[in-house]
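Enquirer: So I've got this file, work-v8.csv, and it contains CSV, C-alpha atoms:
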```
chain,number,residue,atom,x,y,z
A,1,MET,CA,25.8,93.7,143.7
A,2,GLY,CA,23.4,96.6,143.4
A,3,ALA,CA,19.7,97.2,143.4
A,4,ILE,CA,18.5,98.7,140.1
A,5,ARG,CA,15.3,100.8,140.3
A,6,ARG,CA,13.8,101.3,136.8
A,7,ARG,CA,10.2,102.4,136.3
A,8,GLY,CA,9.1,101.1,139.7
A,9,VAL,CA,10.7,97.7,139.2
A,10,VAL,CA,13.6,96.6,141.4
A,11,ALA,CA,16.1,94.3,139.7
A,12,LEU,CA,18.7,92.8,141.9
A,13,GLY,CA,22.0,91.7,140.6
A,14,VAL,CA,25.7,91.3,141.1
A,15,THR,CA,28.0,94.3,140.8
A,16,GLY,CA,31.6,94.4,140.0
A,17,LEU,CA,32.7,96.6,142.6
A,18,VAL,CA,35.2,96.3,145.1
A,19,ALA,CA,37.2,94.1,146.9
A,20,PRO,CA,42.4,95.0,139.1
A,21,LEU,CA,43.1,100.5,139.3
A,22,ALA,CA,42.2,103.2,142.7
A,23,LEU,CA,39.0,104.1,144.7
A,24,ALA,CA,39.6,104.5,148.4
A,25,LEU,CA,39.3,100.8,148.4
A,26,THR,CA,42.8,99.9,147.4
A,27,ALA,CA,44.5,96.9,149.0
A,28,ALA,CA,45.5,96.9,152.6
A,29,PRO,CA,48.8,98.6,153.3
A,30,ALA,CA,50.9,95.7,152.1
A,31,GLN,CA,53.9,98.0,151.7
A,32,ALA,CA,54.3,97.7,155.5
A,33,ALA,CA,54.9,93.9,155.1
A,34,SER,CA,58.4,92.5,155.5
A,35,CYS,CA,60.2,91.3,152.4
A,36,THR,CA,60.7,87.6,152.2
A,37,THR,CA,64.0,85.9,151.6
A,38,ARG,CA,62.3,82.8,150.2
A,39,THR,CA,62.8,81.9,146.5
A,40,GLY,CA,59.4,81.4,144.9
A,41,PRO,CA,58.4,78.6,142.5
A,42,TYR,CA,58.1,81.2,139.7
A,43,GLN,CA,61.2,83.1,140.5
A,44,LYS,CA,62.8,83.0,137.1
A,45,GLN,CA,59.6,83.9,135.3
A,46,VAL,CA,58.9,86.8,137.6
A,47,GLU,CA,62.5,88.0,137.4
A,48,LYS,CA,62.2,88.0,133.6
A,49,PHE,CA,58.9,89.9,133.6
A,50,LEU,CA,60.3,92.6,135.9
A,51,GLY,CA,63.5,92.9,134.0
A,52,ARG,CA,65.6,91.6,136.9
A,53,PRO,CA,68.7,89.4,136.5
A,54,VAL,CA,67.3,85.9,135.8
A,55,ASP,CA,69.2,83.7,138.2
A,56,GLY,CA,66.3,82.0,140.0
A,57,ARG,CA,67.4,83.1,143.4
A,58,GLN,CA,65.7,85.7,145.6
A,59,SER,CA,67.7,88.8,146.4
A,60,ALA,CA,66.8,91.8,148.4
A,61,ALA,CA,66.4,93.8,145.1
A,62,ASP,CA,64.2,91.1,143.6
A,63,CYS,CA,62.0,91.1,146.6
A,64,ARG,CA,61.5,94.9,146.5
A,65,ALA,CA,60.7,94.8,142.8
A,66,VAL,CA,58.1,92.0,143.3
A,67,GLN,CA,56.7,93.6,146.4
A,68,ALA,CA,56.2,96.9,144.5
A,69,PHE,CA,54.3,95.0,141.7
A,70,GLN,CA,52.2,93.3,144.3
A,71,ASN,CA,51.3,96.5,146.1
A,72,LYS,CA,50.4,98.3,142.9
A,73,HIS,CA,47.9,95.6,141.9
A,74,GLY,CA,46.6,94.7,145.4
A,75,ILE,CA,48.1,91.2,145.5
A,76,THR,CA,48.3,89.8,149.0
A,77,PRO,CA,50.3,89.0,150.9
A,78,GLY,CA,52.6,91.7,149.6
A,79,ILE,CA,55.9,90.2,150.8
A,80,GLY,CA,57.7,89.9,147.5
A,81,TYR,CA,57.2,86.2,147.1
A,82,ALA,CA,57.2,84.9,143.5
A,83,GLY,CA,54.2,82.6,143.9
A,84,PRO,CA,51.4,81.4,141.7
A,85,VAL,CA,49.1,84.4,142.2
A,86,THR,CA,51.8,87.0,141.3
A,87,TRP,CA,53.0,85.0,138.3
A,88,GLY,CA,49.4,84.4,137.2
A,89,VAL,CA,48.8,88.1,137.0
A,90,MET,CA,52.0,88.6,135.1
A,91,ASP,CA,51.3,85.7,132.7
A,92,LEU,CA,47.8,87.2,132.0
A,93,MET,CA,49.4,90.6,131.2
A,94,ASN,CA,51.8,88.9,128.8
A,95,LYS,CA,48.9,87.2,127.0
A,96,GLN,CA,46.9,90.4,126.9
A,97,LYS,CA,49.8,92.2,125.3
A,98,ALA,CA,50.2,89.5,122.7
A,99,VAL,CA,46.7,90.1,121.4
A,100,GLY,CA,47.8,93.4,120.0
A,101,ASN,CA,45.1,95.1,117.9
A,102,LYS,CA,43.4,91.8,116.8
A,103,PRO,CA,41.3,90.9,119.9
A,104,ASN,CA,38.7,88.9,117.8
A,105,ARG,CA,41.2,86.9,115.8
A,106,ASP,CA,39.5,83.7,117.1
A,107,GLY,CA,36.2,85.0,115.6
A,108,LYS,CA,34.2,84.2,118.7
A,109,CYS,CA,32.6,87.6,119.1
A,110,PRO,CA,29.8,88.0,116.5
A,111,VAL,CA,30.6,90.1,113.4
A,112,ASN,CA,27.0,90.2,112.1
A,113,LYS,CA,25.5,92.4,114.9
A,114,GLY,CA,26.8,95.8,114.0
A,115,ARG,CA,28.1,97.6,117.0
A,116,ILE,CA,28.8,95.2,119.8
A,117,ALA,CA,30.8,95.2,123.0
A,118,CYS,CA,32.9,92.0,123.4
A,119,VAL,CA,34.2,90.5,126.7
A,120,ASN,CA,36.8,87.7,126.6
A,121,LEU,CA,36.7,86.3,130.1
A,122,THR,CA,39.7,84.0,129.5
A,123,LEU,CA,42.0,86.9,128.6
A,124,GLN,CA,40.2,89.6,130.7
A,125,LEU,CA,39.9,91.8,127.7
A,126,SER,CA,37.0,93.9,126.3
A,127,TRP,CA,36.6,95.8,123.0
A,128,ILE,CA,34.0,97.4,120.8
A,129,GLN,CA,33.6,96.4,117.2
A,130,ASP,CA,31.2,97.1,114.4
A,131,GLY,CA,31.0,94.1,112.1
A,132,SER,CA,34.6,93.1,111.7
A,133,ARG,CA,35.9,96.6,112.3
A,134,LEU,CA,37.6,97.3,115.6
A,135,VAL,CA,36.1,100.5,117.0
A,136,TYR,CA,37.9,100.7,120.4
A,137,GLY,CA,40.2,98.6,122.5
A,138,PRO,CA,41.1,96.0,123.5
A,139,VAL,CA,41.3,97.1,127.1
A,140,PRO,CA,42.0,95.0,130.2
A,141,VAL,CA,38.9,94.5,132.4
A,142,ARG,CA,38.2,92.8,135.8
A,143,THR,CA,35.3,90.4,135.8
A,144,GLY,CA,33.5,88.2,138.3
A,145,ARG,CA,35.5,86.1,140.8
A,146,ASP,CA,34.8,82.4,141.6
A,147,GLY,CA,31.2,82.2,142.8
A,148,TYR,CA,30.2,85.5,141.2
A,149,GLU,CA,31.1,84.8,137.6
A,150,THR,CA,30.2,87.2,134.9
A,151,ARG,CA,27.5,85.3,132.9
A,152,THR,CA,28.3,84.4,129.4
A,153,GLY,CA,26.2,84.7,126.2
A,154,LEU,CA,24.7,87.4,124.0
A,155,LYS,CA,23.0,90.3,125.9
A,156,LYS,CA,21.9,93.9,125.3
A,157,ILE,CA,22.5,97.0,127.2
A,158,TYR,CA,19.1,97.8,128.8
A,159,TRP,CA,19.8,100.6,131.3
A,160,ARG,CA,22.5,103.2,131.8
A,161,ASP,CA,23.2,105.3,134.9
A,162,ILE,CA,26.2,107.5,135.0
A,163,ASP,CA,26.1,108.0,138.8
A,164,HIS,CA,24.8,104.6,139.9
A,165,ARG,CA,25.5,103.5,143.5
A,166,SER,CA,25.2,99.9,144.7
A,167,THR,CA,22.4,99.6,147.3
A,168,ILE,CA,23.9,96.3,148.5
A,169,TYR,CA,27.5,97.2,148.9
A,170,ASP,CA,26.9,101.0,149.2
A,171,VAL,CA,29.7,101.8,146.8
A,172,PRO,CA,29.7,104.0,143.7
A,173,MET,CA,29.5,102.4,140.3
A,174,PRO,CA,30.2,105.3,137.9
A,175,TYR,CA,29.3,105.0,134.2
A,176,SER,CA,27.2,101.9,134.7
A,177,GLN,CA,25.8,100.2,131.6
A,178,PHE,CA,23.7,97.2,132.6
A,179,PHE,CA,23.4,94.2,130.3
A,180,ASP,CA,22.4,91.2,132.4
A,181,GLY,CA,20.4,91.7,135.6
A,182,GLY,CA,22.8,93.6,137.9
A,183,GLN,CA,25.9,92.9,135.8
A,184,ALA,CA,27.2,96.0,134.1
A,185,PHE,CA,30.2,97.8,132.7
A,186,HIS,CA,31.4,100.4,135.2
A,187,SER,CA,34.5,102.1,136.5
A,188,VAL,CA,36.3,101.2,139.7
A,189,GLY,CA,39.4,102.6,141.5
A,190,LEU,CA,41.2,99.3,141.6
A,191,SER,CA,43.8,97.7,139.4
A,192,MET,CA,42.4,95.7,136.5
A,193,TRP,CA,44.6,92.9,137.7
A,194,ASN,CA,43.6,93.0,141.3
A,195,PRO,CA,42.6,89.5,142.4
A,196,PRO,CA,40.3,87.7,142.8
A,197,GLY,CA,37.9,89.8,140.7
A,198,SER,CA,34.6,91.6,140.8
A,199,HIS,CA,31.2,90.5,142.1
A,200,GLY,CA,30.1,89.9,138.5
A,201,CYS,CA,30.4,93.2,136.8
A,202,VAL,CA,32.9,94.1,134.1
A,203,ASN,CA,35.2,96.6,135.9
A,204,MET,CA,37.1,99.2,134.0
A,205,THR,CA,39.3,102.2,134.6
A,206,THR,CA,37.6,105.5,134.6
A,207,LYS,CA,39.1,106.4,131.3
A,208,GLU,CA,37.8,103.3,129.6
A,209,ALA,CA,34.4,103.4,131.3
A,210,LYS,CA,33.9,106.9,130.0
A,211,LYS,CA,34.9,105.9,126.5
A,212,TYR,CA,32.4,103.0,126.6
A,213,TRP,CA,29.8,105.3,127.9
A,214,SER,CA,30.3,107.6,124.9
A,215,LEU,CA,30.3,104.8,122.3
A,216,LEU,CA,27.5,102.5,123.5
A,217,ARG,CA,23.7,103.1,123.8
A,218,ASN,CA,20.7,101.2,125.1
A,219,GLY,CA,20.0,98.3,122.8
A,220,ASP,CA,23.6,97.7,121.8
A,221,ASP,CA,24.7,94.1,122.0
A,222,VAL,CA,27.2,92.7,124.5
A,223,PHE,CA,28.8,89.3,124.0
A,224,VAL,CA,30.6,87.6,126.9
A,225,TYR,CA,32.5,84.4,126.4
A,226,GLY,CA,35.3,82.3,127.8
A,227,ARG,CA,36.2,81.6,131.4
A,228,LYS,CA,38.1,83.7,133.8
A,229,PRO,CA,41.2,82.1,135.2
A,230,GLY,CA,40.5,80.7,138.7
A,231,THR,CA,36.8,80.2,138.2
```
Mind turning the file's structure into structure tokens?

Expert:
Amino acid sequence: MGAIRRRGVVALGVTGLVAPLALALTAAPAQAASCTTRTGPYQKQVEKFLGRPVDGRQSAADCRAVQAFQNKHGITPGIGYAGPVTWGVMDLMNKQKAVGNKPNRDGKCPVNKGRIACVNLTLQLSWIQDGSRLVYGPVPVRTGRDGYETRTGLKKIYWRDIDHRSTIYDVPMPYSQFFDGGQAFHSVGLSMWNPPGSHGCVNMTTKEAKKYWSLLRNGDDVFVYGRKPGT
């Protein structure tokens, strides 16, 4: 959450900083954690996702593979357990991949607005379209966690600040494009699948945030819909 100063007016809002890819704020050094020998409730699903032999029994190699995935995406505790949080991330990745190049196949993002940035909270995806033409994306994003949900509805980008810094959390928010109070598109150095999510902003990788910066302008529409898993 950052304070936005614009022509003498201070607008306070939530930011999506901190807490799924890498600022200096990556997850705690989970790689130091011990590997569990316990078989998790989603063992087979996780084994299949990781390309491991699918036998439903935890092995040392299984644990190392799961632990590496957890460490990469900041999933804690990073002990190699095939639990609901780890499988939830993998399941979301599968659903995102299945969308392919037709992110608006459900027709929920308006096609009568010209250029518009769409955010599907349910699938944690965003893209830019112009009418029914896909301009860019879809790309994975990281939206607001429970209690800090990214607000839904039709909005407009009203302020852009390429080097914005949150005055509440004192963290950088590069390539910020604000569309609802303090909620903005901006880059973070965390995995886009890092749970539990942002403080309300739509987090992006630096590459994607730069691209959005180049494609969008003040006054462009933003449409946010759906519901982030776990909120």

Enquirer: Would you mind listing, for every residue of range 76-168 of chain A within 6 Å of range 185-205 of chain A, the two atoms forming the shortest contact and the distance between them in Å to one decimal, using all atoms listed in the file, sorted by chain and ascending residue number, as a tab-separated table?

Expert:
```
residue	atom	partner	partner_atom	distance
A:Val141	CA	A:Met204	CA	5.3
A:Arg142	CA	A:Asn203	CA	4.8
A:Thr143	CA	A:Val202	CA	4.7
A:Gly144	CA	A:Gly200	CA	3.8
A:Arg145	CA	A:Gly197	CA	4.4
A:Tyr148	CA	A:Gly200	CA	5.2
A:Glu149	CA	A:Gly200	CA	5.3
A:Thr150	CA	A:Gly200	CA	4.5
```

Enquirer: Find, counting only C-alpha atoms, the residue in A:Cys63, A:Tyr212, A:Arg151, A:Gly56 that gets nearest to Gly78 in chain A.

Expert: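 Under the stated criterion, the closest residue is A:Cys63.
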
Enquirer: Any idea what's packed within 7 Å of range 131-134 of chain A, counting all atoms listed in the file, ignoring anything in its chain fewer than 2 positions away? Could you give it as a ChimeraX atom specification?

Expert: /A:111-115,128-129,136

Enquirer: Counting all atoms listed in the file, which of A:Tyr42, A:Phe49, A:Tyr225, A:Tyr169 gets nearest to Leu154 in chain A?

Expert: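 Among the listed residues, A:Tyr225 lies closest to Leu154 in chain A.
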
Enquirer: One decimal, in Å: what's the spacing between CA of Lys228 in chain A and CA of Lys207 in chain A?

Expert: 22.9 Å

Enquirer: Quick one: everything within 12 Å of Ala98 in chain A, counting all atoms listed in the file, minus sequence neighbours fewer than 6 positions away in the same chain. Send it as a list in words.

Expert: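 Those residues are Asp91, Leu92, Arg105, Leu123, Leu125 and Pro138 of chain A.
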
Enquirer: Could you tell me which of A:Gln183, A:Thr206, A:Thr167, A:Gln70 comes closest to Gly83 in chain A if we count only C-alpha atoms?

Expert: A:Gln70

Enquirer: Would you compute the distance between CA of Gln45 in chain A and CA of His73 in chain A? Give it in Å to one decimal.

Expert: 17.8 Å

Enquirer: Just to confirm, what's the straight-line distance from CA of Met173 in chain A to CA of Pro77 in chain A in Å (one decimal)?

Expert: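 Interatomic distance, CA of Met173 in chain A to CA of Pro77 in chain A: 26.9 Å.
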